[in-house]
Amino acid sequence: MLKYENSFWDNPGTGQLPRYERGPQRLYEKLEQGSVECEELLAYFSERIAVEEAYAAGLRKLAARPLISDGFGRDEGATLKTAFRGLLAESINLAEAHSDLALELQSSVVQPLRSFSTEHRSRVRASWRLIDDAVRRAAGELAQVERNRRVYTQKAAAAEELRLMESPGTLQPPASAEFEVKARASLAVDVPSAGMSPVSAEDAADGDVALQRRLIADGGALSTVPGELDVASIVLGNVALTRHEFHVMLQRMQTEVPQHDVRFGILGTFRGLISGESLAGWWCTNYPTVVRGEPDATAVGQSMLAQGFLRFMGRGSVFQSRPNAYYQWKRPALDFQSDDDTADASDDEPLGNRQALLGRAVSYERARREADEASQIYRTSVLRAEVVRTGLEEQLTNYLDCMEVWELNRLMHAKSTLAEYARIAKRPVAAELAIGDRLEVYEESVKPPQDIQWGIEAYGTGRFTPHPILFRPHALSPAEFQIFGVPLDEQLLVSHKPIPLLPAKSLSLIAKRAREMSPEDRYAIWTSRVLLRNIHELRNSVNRGPRVTLSLLREYDLPVVANVLMLYLLELPLPLCPEELHGPLRALYSARCEKSSAESLQAVRALLEGISYTHIATMQALFSTLREIAGSDESDARSEFVRAVCKRLGPVVMRAKEIVGVSISRIPESFAADLIEHYDVLLAGIDVKRPFKPVPPPAKSSHPYDSALSASLADTHILSEAAAAAAAAVEANAPTSPVPAPRTSESRGLPDTSAQPKTSDADTVEEKRSSVGAAKALASFDDDEKLIDNILDDTNEPGATAESNMDYFLKDEDEDSDGSDDSNSVDGSTAGIRVP
C-alpha cells in the first residue's frame with residue numbers, strides 16, 4: 001500500500017546532489033487543495049441553509065395568505081374548503097421542518113466543519129513553513145558544498161601545476177593525494193585545538209570519524225578554519241558567496257541593473273536609483289539554482305539592506321520587490337574590495353590564463369598550503385551537509401507521516417460531515433412523508449358530489465320548471481290547439497281516453513314494448529338521460545300537431561318518450577299531486593319511521609281519495625306502469641331503479657307551485673317510492689267518477705268580432721268552414737254531406753297522401769274518411785280518436801290495404817289505434833274509474 005513517506009521524494013540521478021524541494025511542494029499543494037475543498041463544502045452548506053430559510057419563509061408567507069372573500073372565504077361547510085385549510089396548515093408544518101433543518105445544519109454541520117477547516121489549514125501551513133525552512137537550509141548547505149568543491153579543485157590543480165613546473169623531470173604522486181593525506185592528518189591533529197572533544201587513538205587514525213564526532217558534539221556548527229582562502233564569507237538569504245564572488249556580483253549589478261532618476265517632493269531628484277522589481281528579477285535570472293522565486297529574491301534583498309549595502313528610499317526597513325520601491329547603493333557597496341584585487345586577474349578566470357602569473361607570484365609551498373586548506377574546508381562542508389541531509393530526511397519522513405495522518409483525518413471528518421448532513425436531511429423527508437399521508441387524507445376527504453349538492457343547496461335558485469306559452473283563442477280552449485302547459489282538466493275535455501291523450505298513449509306504448517324487454521332495458525327507459533334537444537324535438541312535434549298518434553311516438557326511442565312525459569308533467573300548471581296535500585303529506589312522512597306502516601299508508605290513501613278525477617286517474621296510470629316495469633323481485637338493480645326513478649319523478653309529482661331555492665327534502669322521493677311499492681294500498685281501487693264527457697267546441701259565432709276571429713283561424717287551418725258546418729250538423733243531429741275540402745295529412749303534420757293514386761276501394765275509404773273526419777273534427781274527439789285517427793295511423797304503415805282499413809270501423813270501441821285491446825293497456829289499468 002502506498003504511503004506518503006515513500007511517495008514524495010526527488011530523484012535527481014546518479015552523481016547529482018540530492019534535492020528535496022519538489023516532493024514537499026507538491027504535497028503542500030495537495031493539502032492546500034484539501035483546505036479549499038473544505039471551504040467549498042462550507043460554501044455549499046451555507047447556501048443550503050440560506051435556501052432552507054428562504055423556503056421556510058416562503059411557506060410561512062404562503063400559509064398566512066388570507067382567504068379571498070369571493071372564494072374560500074365565502075363557503076362554510078364544503079369539503080374542498082376543509083381540504084384547503086389542511087393544505088395551509090401543512091404548509092406551516094413543512095416550513096417548521098425546513099427551518100429546523102436549517103438550524104441543525106448550522107449547529108451540527110457548518111460550525112464543526114468551519115472549526116476543523118480553520119485549524120487544519122493553520123496546522124498544515126505552520127508545518128509547511130518549518131519544513132520549507134529546513135529544505136532551504138539544506139539547499140544552501142548543498143550549494144555551499146558545491147562551491148567548496150569547485151574552489152578545492154581549482155587550488156589543487158594550481159598546486160599540481162606549480163609542482164610540475166618546479167620539478168618537471170621528477171615523477172611524484174599526484175598532489176591531490178598528498179594534499180588529501182595531509183588534510184586528514186591535519187584534521188586529526190587540530191581537533192583539540194579547535195575546542196573539540198578529545199578523541200581516542202583509534203579515532204585519530206580516521207579523520208572522517210573525528211570530524212563527524214566534532215560536528216555532532218558542536219550541534220552542527222563549524223568553527224572557522226585557519227587559512228588565507230576566503231570561502232563563503234558573505235551570506236545573502238539562500239546565497240553564500242566569497243568576498244571575491246560578492247565583489248563581482250556587485251560590479252555586475254551596478255552595471256546591468258537599470259538605474260532611474262526619481263523626484264521625491266521637496267527633497268529633489270535622486271539619480272542612480274534602482275527598483276526592487278529590477279533587483280529581484282536580476283537575482284532570479286543570474287542565480288536560478290538558489291533564488292527560485294520572489295520570496296528568495298526578497299530574502300537576498302533584505303540581507304543586503306541589513307548588511308548596509310542598500311538604502312531604501314522610503315519608510316521602513318523591509319525589502320519590497322515592487323516597481324515603485326526604489327533603493328540607493330550605499331558606500332560599503334561602492335567601496336567594497338576583495339582580498340584578491342591586487343592581482344591582475346580574478347579567480348573566476350580560467351586557470352590557463354593565470355599560470356604565468358602564479359609561476360611568478362606564488363610559490364609552490366603557498367599553493368600547496370592553500371590546496372590543503374581548501375581540502376579541509378571542503379571536507380568539513382561535506383560532513384556538515386551530510387548531517388543536515390540526514391536530519392532533513394528524518395524531518396521529511398516525520399512530516400510526510402504527519403501529513404498523511406492529517407489528510408486522512410480531513411477526509412474522515414469530511415465523510416462524517418456528509419453522514420451528518422444525510423442524517424439531518426432525512427428529517428424533512430420524514431416530515432414530508434407524514435405531510436404527504438395527511439394530504440392524502442385531505443384529498444380523500446374531498447367529496448365532489450357532496451360539494452355539488454352542498455353548492456346547490458346553498459346557492460341554488462330553484463329547480464328546472466319550464467313555463468310554456470299558451471295560445472288562448474277567444475271562446476275556445478287552449479287544449480284544442482296544444483297539449484303542453486294546458487291543465488289536465490281542460491285536456492280531458494278533448495280526450496276520449498280516461499286520462500289526457502299524451503300520457504295515455506305514451507304509457508300504453510311504453511308498457512306494451514317493455515313486456516318484451518329484459519329488466520335492465522326496462523329500467524333504462526326511465527333512468528336514461530336524454531339530450532334536451534331530442535326531448536324538445538318530440539315535444540314540439542306533438543304540441544304543434546292536432547293529434548297525438550302512436551305512429552309519431554314510435555319514431556322515437558322509449559327513453560325519449562319517457563322523458564317527454566316527465567317534461568309534460570313538469571310543464572303542467574298544477575302538479576299531479578295537488579299543492580293542498582303537500583303539507584299533510586310532509587307531516588305524515590316526517591312523523592313516521594323509515595318503514596311504511598299500515599296506518600300511515602291508509603292516511604296517505606285518504607288524502608289521495610280527495611284528488612280530482614283527472615289527477616288521480618293520471619297518477620294511477622303512471623305508477624301502475626312503473627310498478628309493472630319494476631316487477632316484484634328484490635334484486636339490487638330493481639332497488640336502484642326505484643330509487644333513481646323516484647329521485648327524478650318525485651319532485652315532479654309533488655312540485656310546489658312557488659319554488660324558492662332548492663329543496664333538500666326527501667319526502668317527494670319517499671312519496672313516489674311508496675306509490676310504486678304500495679300501489680295496491682295507495683292508488684288501486686280509488687273510485688272517482690269522470691265529471692264530464694268530451695264536449696265539442698261552441699259553434700261559430702255570428703258576432704262581428706267572433707266572425708273575424710273565426711276567419712283568421714280558418715286561414716291558419718285551425719278551424720275550417722267545413723269543420724264548423726260539420727259541428728253544426730252534429731249538434732242538430734242531422735246527417736252531413738261530404739265535406740267540400742277534406743283535411744289532408746298536411747294539417748295533421750303527416751306526409752301528404754292525397755295526391756297518390758288509389759283504387760276504387762281506396763277512394764271509397766278516403767271519401768268516408770274525409771266525411772267522417774270533417775264531421776268529427778270539433779264535435780267529438782272521442783269518435784275521431786276511435787275512427788279517423790286509427791285509420792290514418794295505419795294507412796301510412798307499410799302493407800296497409802283498403803280491406804284492412806275498412807276493418808277499423810268494425811272493431812270494438814275500446815280498441816286502441818295500434819290494434820291492441822285497451823283493457824290490457826294503461827287505459828284499462830285505471831281500476832275503479834267509471835266512464836259513463
# chains A, B, ... in the order shown; residues from 1 in each chain; ligands from 1
call {"tool": "residues_around", "arguments": {"residues": "Leu570 (chain A)", "least_positions_apart": "6", "cutoff": "10 Å", "atoms": "only C-alpha atoms", "output": "MDAnalysis selection string"}}
result
chainID A and resid 464:467 484:485 564 576 649 651:653 655
call {"tool": "write_last_selection", "arguments": {"atoms": "N, CA and C atoms", "output": "CSV table (one decimal), in the first residue's frame"}}
result
chain,number,residue,atom,x,y,z
A,464,PHE,N,-85.6,23.2,-12.3
A,464,PHE,CA,-86.0,23.4,-13.7
A,464,PHE,C,-87.5,23.3,-13.8
A,465,THR,N,-88.2,24.4,-13.9
A,465,THR,CA,-89.6,24.4,-14.1
A,465,THR,C,-90.0,25.2,-15.2
A,466,PRO,N,-90.1,24.6,-16.4
A,466,PRO,CA,-90.4,25.5,-17.6
A,466,PRO,C,-91.9,25.9,-17.6
A,467,HIS,N,-92.1,27.1,-18.1
A,467,HIS,CA,-93.4,27.7,-18.2
A,467,HIS,C,-93.8,27.9,-19.7
A,484,PHE,N,-98.9,20.8,-24.2
A,484,PHE,CA,-98.0,21.1,-23.1
A,484,PHE,C,-98.4,22.4,-22.4
A,485,GLY,N,-98.5,22.4,-21.1
A,485,GLY,CA,-98.8,23.6,-20.4
A,485,GLY,C,-100.3,23.8,-20.2
A,564,VAL,N,-90.1,12.9,-22.4
A,564,VAL,CA,-91.1,13.9,-22.9
A,564,VAL,C,-92.3,13.8,-21.9
A,576,LEU,N,-99.2,17.1,-10.4
A,576,LEU,CA,-100.0,15.9,-10.4
A,576,LEU,C,-100.6,15.6,-9.0
A,649,LEU,N,-88.7,11.6,-10.5
A,649,LEU,CA,-90.2,11.8,-10.7
A,649,LEU,C,-90.8,12.4,-9.4
A,651,PRO,N,-90.0,14.9,-7.2
A,651,PRO,CA,-90.1,16.4,-7.3
A,651,PRO,C,-91.0,16.9,-8.3
A,652,VAL,N,-91.3,16.1,-9.4
A,652,VAL,CA,-92.2,16.5,-10.5
A,652,VAL,C,-93.6,16.3,-10.0
A,653,VAL,N,-93.9,15.1,-9.4
A,653,VAL,CA,-95.3,14.8,-9.0
A,653,VAL,C,-95.7,15.7,-7.8
A,655,ARG,N,-94.7,18.8,-6.8
A,655,ARG,CA,-94.0,20.0,-7.1
A,655,ARG,C,-94.8,21.2,-6.5
call {"tool": "residues_around", "arguments": {"residues": "region 598-613 of chain A", "least_positions_apart": "6", "cutoff": "7 Å", "atoms": "only C-alpha atoms", "output": "PyMOL selection string"}}
result
chain A and resi 581+588+682-683+686+688-690
call {"tool": "write_last_selection", "arguments": {"atoms": "all heavy atoms", "output": "PDB file, in the first residue's frame"}}
result
ATOM      1  N   LEU A 581    -102.194  19.022  -0.690  1.00  0.00           N
ATOM      2  CA  LEU A 581    -101.812  17.811   0.034  1.00  0.00           C
ATOM      3  C   LEU A 581    -100.349  17.819   0.473  1.00  0.00           C
ATOM      4  O   LEU A 581     -99.937  16.912   1.206  1.00  0.00           O
ATOM      5  CB  LEU A 581    -102.048  16.578  -0.851  1.00  0.00           C
ATOM      6  CG  LEU A 581    -103.470  16.325  -1.326  1.00  0.00           C
ATOM      7  CD1 LEU A 581    -103.526  15.027  -2.096  1.00  0.00           C
ATOM      8  CD2 LEU A 581    -104.444  16.288  -0.153  1.00  0.00           C
ATOM      9  N   LEU A 588     -97.042  13.701   7.610  1.00  0.00           N
ATOM     10  CA  LEU A 588     -97.110  12.251   7.763  1.00  0.00           C
ATOM     11  C   LEU A 588     -95.738  11.616   7.599  1.00  0.00           C
ATOM     12  O   LEU A 588     -95.321  10.764   8.409  1.00  0.00           O
ATOM     13  CB  LEU A 588     -98.082  11.666   6.745  1.00  0.00           C
ATOM     14  CG  LEU A 588     -99.584  11.846   7.030  1.00  0.00           C
ATOM     15  CD1 LEU A 588    -100.397  11.337   5.860  1.00  0.00           C
ATOM     16  CD2 LEU A 588     -99.972  11.102   8.297  1.00  0.00           C
ATOM     17  N   LEU A 682    -102.246   2.283  -1.929  1.00  0.00           N
ATOM     18  CA  LEU A 682    -102.426   3.736  -2.023  1.00  0.00           C
ATOM     19  C   LEU A 682    -103.318   4.158  -3.187  1.00  0.00           C
ATOM     20  O   LEU A 682    -104.110   5.097  -3.047  1.00  0.00           O
ATOM     21  CB  LEU A 682    -101.052   4.412  -2.167  1.00  0.00           C
ATOM     22  CG  LEU A 682    -100.098   4.268  -0.988  1.00  0.00           C
ATOM     23  CD1 LEU A 682     -98.779   4.957  -1.282  1.00  0.00           C
ATOM     24  CD2 LEU A 682    -100.715   4.854   0.286  1.00  0.00           C
ATOM     25  N   LEU A 683    -103.213   3.516  -4.335  1.00  0.00           N
ATOM     26  CA  LEU A 683    -103.912   4.007  -5.515  1.00  0.00           C
ATOM     27  C   LEU A 683    -104.969   3.057  -6.055  1.00  0.00           C
ATOM     28  O   LEU A 683    -105.982   3.499  -6.625  1.00  0.00           O
ATOM     29  CB  LEU A 683    -102.891   4.309  -6.627  1.00  0.00           C
ATOM     30  CG  LEU A 683    -101.958   5.500  -6.384  1.00  0.00           C
ATOM     31  CD1 LEU A 683    -100.944   5.609  -7.503  1.00  0.00           C
ATOM     32  CD2 LEU A 683    -102.755   6.791  -6.270  1.00  0.00           C
ATOM     33  N   ILE A 686    -109.352   3.240  -5.967  1.00  0.00           N
ATOM     34  CA  ILE A 686    -109.946   4.535  -5.646  1.00  0.00           C
ATOM     35  C   ILE A 686    -111.047   4.824  -6.669  1.00  0.00           C
ATOM     36  O   ILE A 686    -110.786   4.880  -7.875  1.00  0.00           O
ATOM     37  CB  ILE A 686    -108.886   5.648  -5.646  1.00  0.00           C
ATOM     38  CG1 ILE A 686    -107.848   5.409  -4.536  1.00  0.00           C
ATOM     39  CG2 ILE A 686    -109.545   7.014  -5.483  1.00  0.00           C
ATOM     40  CD1 ILE A 686    -106.780   6.456  -4.474  1.00  0.00           C
ATOM     41  N   VAL A 688    -113.393   7.095  -8.409  1.00  0.00           N
ATOM     42  CA  VAL A 688    -113.662   8.501  -8.727  1.00  0.00           C
ATOM     43  C   VAL A 688    -114.329   8.527 -10.091  1.00  0.00           C
ATOM     44  O   VAL A 688    -113.831   7.917 -11.041  1.00  0.00           O
ATOM     45  CB  VAL A 688    -112.373   9.347  -8.727  1.00  0.00           C
ATOM     46  CG1 VAL A 688    -112.698  10.793  -9.050  1.00  0.00           C
ATOM     47  CG2 VAL A 688    -111.693   9.238  -7.371  1.00  0.00           C
ATOM     48  N   LYS A 689    -115.472   9.190 -10.205  1.00  0.00           N
ATOM     49  CA  LYS A 689    -116.202   9.255 -11.457  1.00  0.00           C
ATOM     50  C   LYS A 689    -115.695  10.403 -12.317  1.00  0.00           C
ATOM     51  O   LYS A 689    -115.338  11.456 -11.816  1.00  0.00           O
ATOM     52  CB  LYS A 689    -117.695   9.444 -11.192  1.00  0.00           C
ATOM     53  CG  LYS A 689    -118.335   8.283 -10.448  1.00  0.00           C
ATOM     54  CD  LYS A 689    -119.818   8.537 -10.252  1.00  0.00           C
ATOM     55  CE  LYS A 689    -120.463   7.364  -9.490  1.00  0.00           C
ATOM     56  NZ  LYS A 689    -121.920   7.589  -9.292  1.00  0.00           N
ATOM     57  N   ARG A 690    -115.749  10.135 -13.646  1.00  0.00           N
ATOM     58  CA  ARG A 690    -115.375  11.185 -14.585  1.00  0.00           C
ATOM     59  C   ARG A 690    -116.460  12.246 -14.573  1.00  0.00           C
ATOM     60  O   ARG A 690    -117.642  11.939 -14.793  1.00  0.00           O
ATOM     61  CB  ARG A 690    -115.209  10.610 -15.990  1.00  0.00           C
ATOM     62  CG  ARG A 690    -114.788  11.624 -17.028  1.00  0.00           C
ATOM     63  CD  ARG A 690    -114.351  10.948 -18.289  1.00  0.00           C
ATOM     64  NE  ARG A 690    -113.955  11.901 -19.312  1.00  0.00           N
ATOM     65  CZ  ARG A 690    -113.275  11.609 -20.414  1.00  0.00           C
ATOM     66  NH1 ARG A 690    -112.909  10.333 -20.615  1.00  0.00           N
ATOM     67  NH2 ARG A 690    -112.958  12.517 -21.293  1.00  0.00           N
TER      68      ARG A 690
END
call {"tool": "residues_around", "arguments": {"residues": "region 328-336 of chain A", "least_positions_apart": "3", "cutoff": "6 Å", "atoms": "only C-alpha atoms", "output": "count of residues only"}}
result
4
call {"tool": "residues_around", "arguments": {"residues": "Glu90 (chain A)", "least_positions_apart": "3", "cutoff": "8 Å", "atoms": "only C-alpha atoms", "output": "list in words"}}
result
Gly86, Leu87, Asn93, Leu94, Ile435 and Leu439 of chain A
call {"tool": "atom_distance", "arguments": {"atom1": "CA of Leu31 (chain A)", "atom2": "CA of Val135 (chain A)"}}
result
17.9 Å
call {"tool": "residues_around", "arguments": {"residues": "region 301-307 of chain A", "least_positions_apart": "2", "cutoff": "8 Å", "atoms": "only C-alpha atoms", "output": "PyMOL selection string"}}
result
chain A and resi 235-237+279-280+297-299+309-312+317-319
call {"tool": "write_last_selection", "arguments": {"atoms": "N, CA and C atoms", "output": "mmCIF file, in the first residue's frame"}}
result
data_model
loop_
_atom_site.group_PDB
_atom_site.id
_atom_site.type_symbol
_atom_site.label_atom_id
_atom_site.label_comp_id
_atom_site.auth_asym_id
_atom_site.auth_seq_id
_atom_site.Cartn_x
_atom_site.Cartn_y
_atom_site.Cartn_z
ATOM 1 N N VAL A 235 26.868 35.824 3.282
ATOM 2 C CA VAL A 235 25.637 35.062 3.051
ATOM 3 C C VAL A 235 24.499 36.051 2.841
ATOM 4 N N LEU A 236 23.831 35.938 1.717
ATOM 5 C CA LEU A 236 22.691 36.791 1.378
ATOM 6 C C LEU A 236 21.475 35.887 1.162
ATOM 7 N N GLY A 237 20.630 35.755 2.164
ATOM 8 C CA GLY A 237 19.473 34.874 2.041
ATOM 9 C C GLY A 237 19.903 33.445 1.850
ATOM 10 N N LEU A 279 15.889 44.520 -9.101
ATOM 11 C CA LEU A 279 16.833 43.715 -8.328
ATOM 12 C C LEU A 279 16.381 42.277 -8.203
ATOM 13 N N ALA A 280 15.091 42.065 -7.863
ATOM 14 C CA ALA A 280 14.585 40.702 -7.706
ATOM 15 C C ALA A 280 14.669 39.942 -9.027
ATOM 16 N N ALA A 297 14.259 35.999 -3.650
ATOM 17 C CA ALA A 297 14.831 37.297 -4.025
ATOM 18 C C ALA A 297 14.590 38.331 -2.932
ATOM 19 N N THR A 298 13.415 38.288 -2.308
ATOM 20 C CA THR A 298 13.140 39.225 -1.200
ATOM 21 C C THR A 298 14.094 38.987 -0.033
ATOM 22 N N ALA A 299 14.404 37.697 0.251
ATOM 23 C CA ALA A 299 15.351 37.397 1.341
ATOM 24 C C ALA A 299 16.749 37.932 1.026
ATOM 25 N N PHE A 309 24.373 47.446 2.446
ATOM 26 C CA PHE A 309 24.771 47.652 1.061
ATOM 27 C C PHE A 309 23.734 48.451 0.274
ATOM 28 N N LEU A 310 22.457 48.473 0.730
ATOM 29 C CA LEU A 310 21.395 49.201 0.056
ATOM 30 C C LEU A 310 20.690 50.110 1.045
ATOM 31 N N ARG A 311 20.136 51.228 0.526
ATOM 32 C CA ARG A 311 19.331 52.150 1.314
ATOM 33 C C ARG A 311 17.945 52.234 0.650
ATOM 34 N N PHE A 312 16.919 52.040 1.473
ATOM 35 C CA PHE A 312 15.544 52.101 0.968
ATOM 36 C C PHE A 312 15.082 53.551 0.951
ATOM 37 N N SER A 317 12.218 49.369 6.833
ATOM 38 C CA SER A 317 13.478 48.689 6.529
ATOM 39 C C SER A 317 13.213 47.296 5.969
ATOM 40 N N VAL A 318 12.094 47.132 5.304
ATOM 41 C CA VAL A 318 11.734 45.837 4.715
ATOM 42 C C VAL A 318 11.886 45.946 3.215
ATOM 43 N N PHE A 319 12.577 44.968 2.641
ATOM 44 C CA PHE A 319 12.794 44.974 1.197
ATOM 45 C C PHE A 319 11.483 44.614 0.493
#
call {"tool": "residues_around", "arguments": {"residues": "Ser518 (chain A)", "least_positions_apart": "4", "cutoff": "12 Å", "atoms": "only C-alpha atoms", "output": "VMD selection string"}}
result
chain A and resid 513 to 514 522 to 525 629 to 631 637 to 638
call {"tool": "atom_distance", "arguments": {"atom1": "CA of Val257 (chain A)", "atom2": "CA of Val239 (chain A)"}}
result
18.5 Å
call {"tool": "closest_residue", "arguments": {"among": "A:Ser670, A:Gln33, A:Ser275, A:Gln337", "to": "Pro258 (chain A)", "atoms": "only C-alpha atoms"}}
result
A:Ser275
call {"tool": "select_by_dssp", "arguments": {"residues": "region 54-182 of chain A", "states": "alpha helix (DSSP H)", "output": "count of residues only"}}
result
101
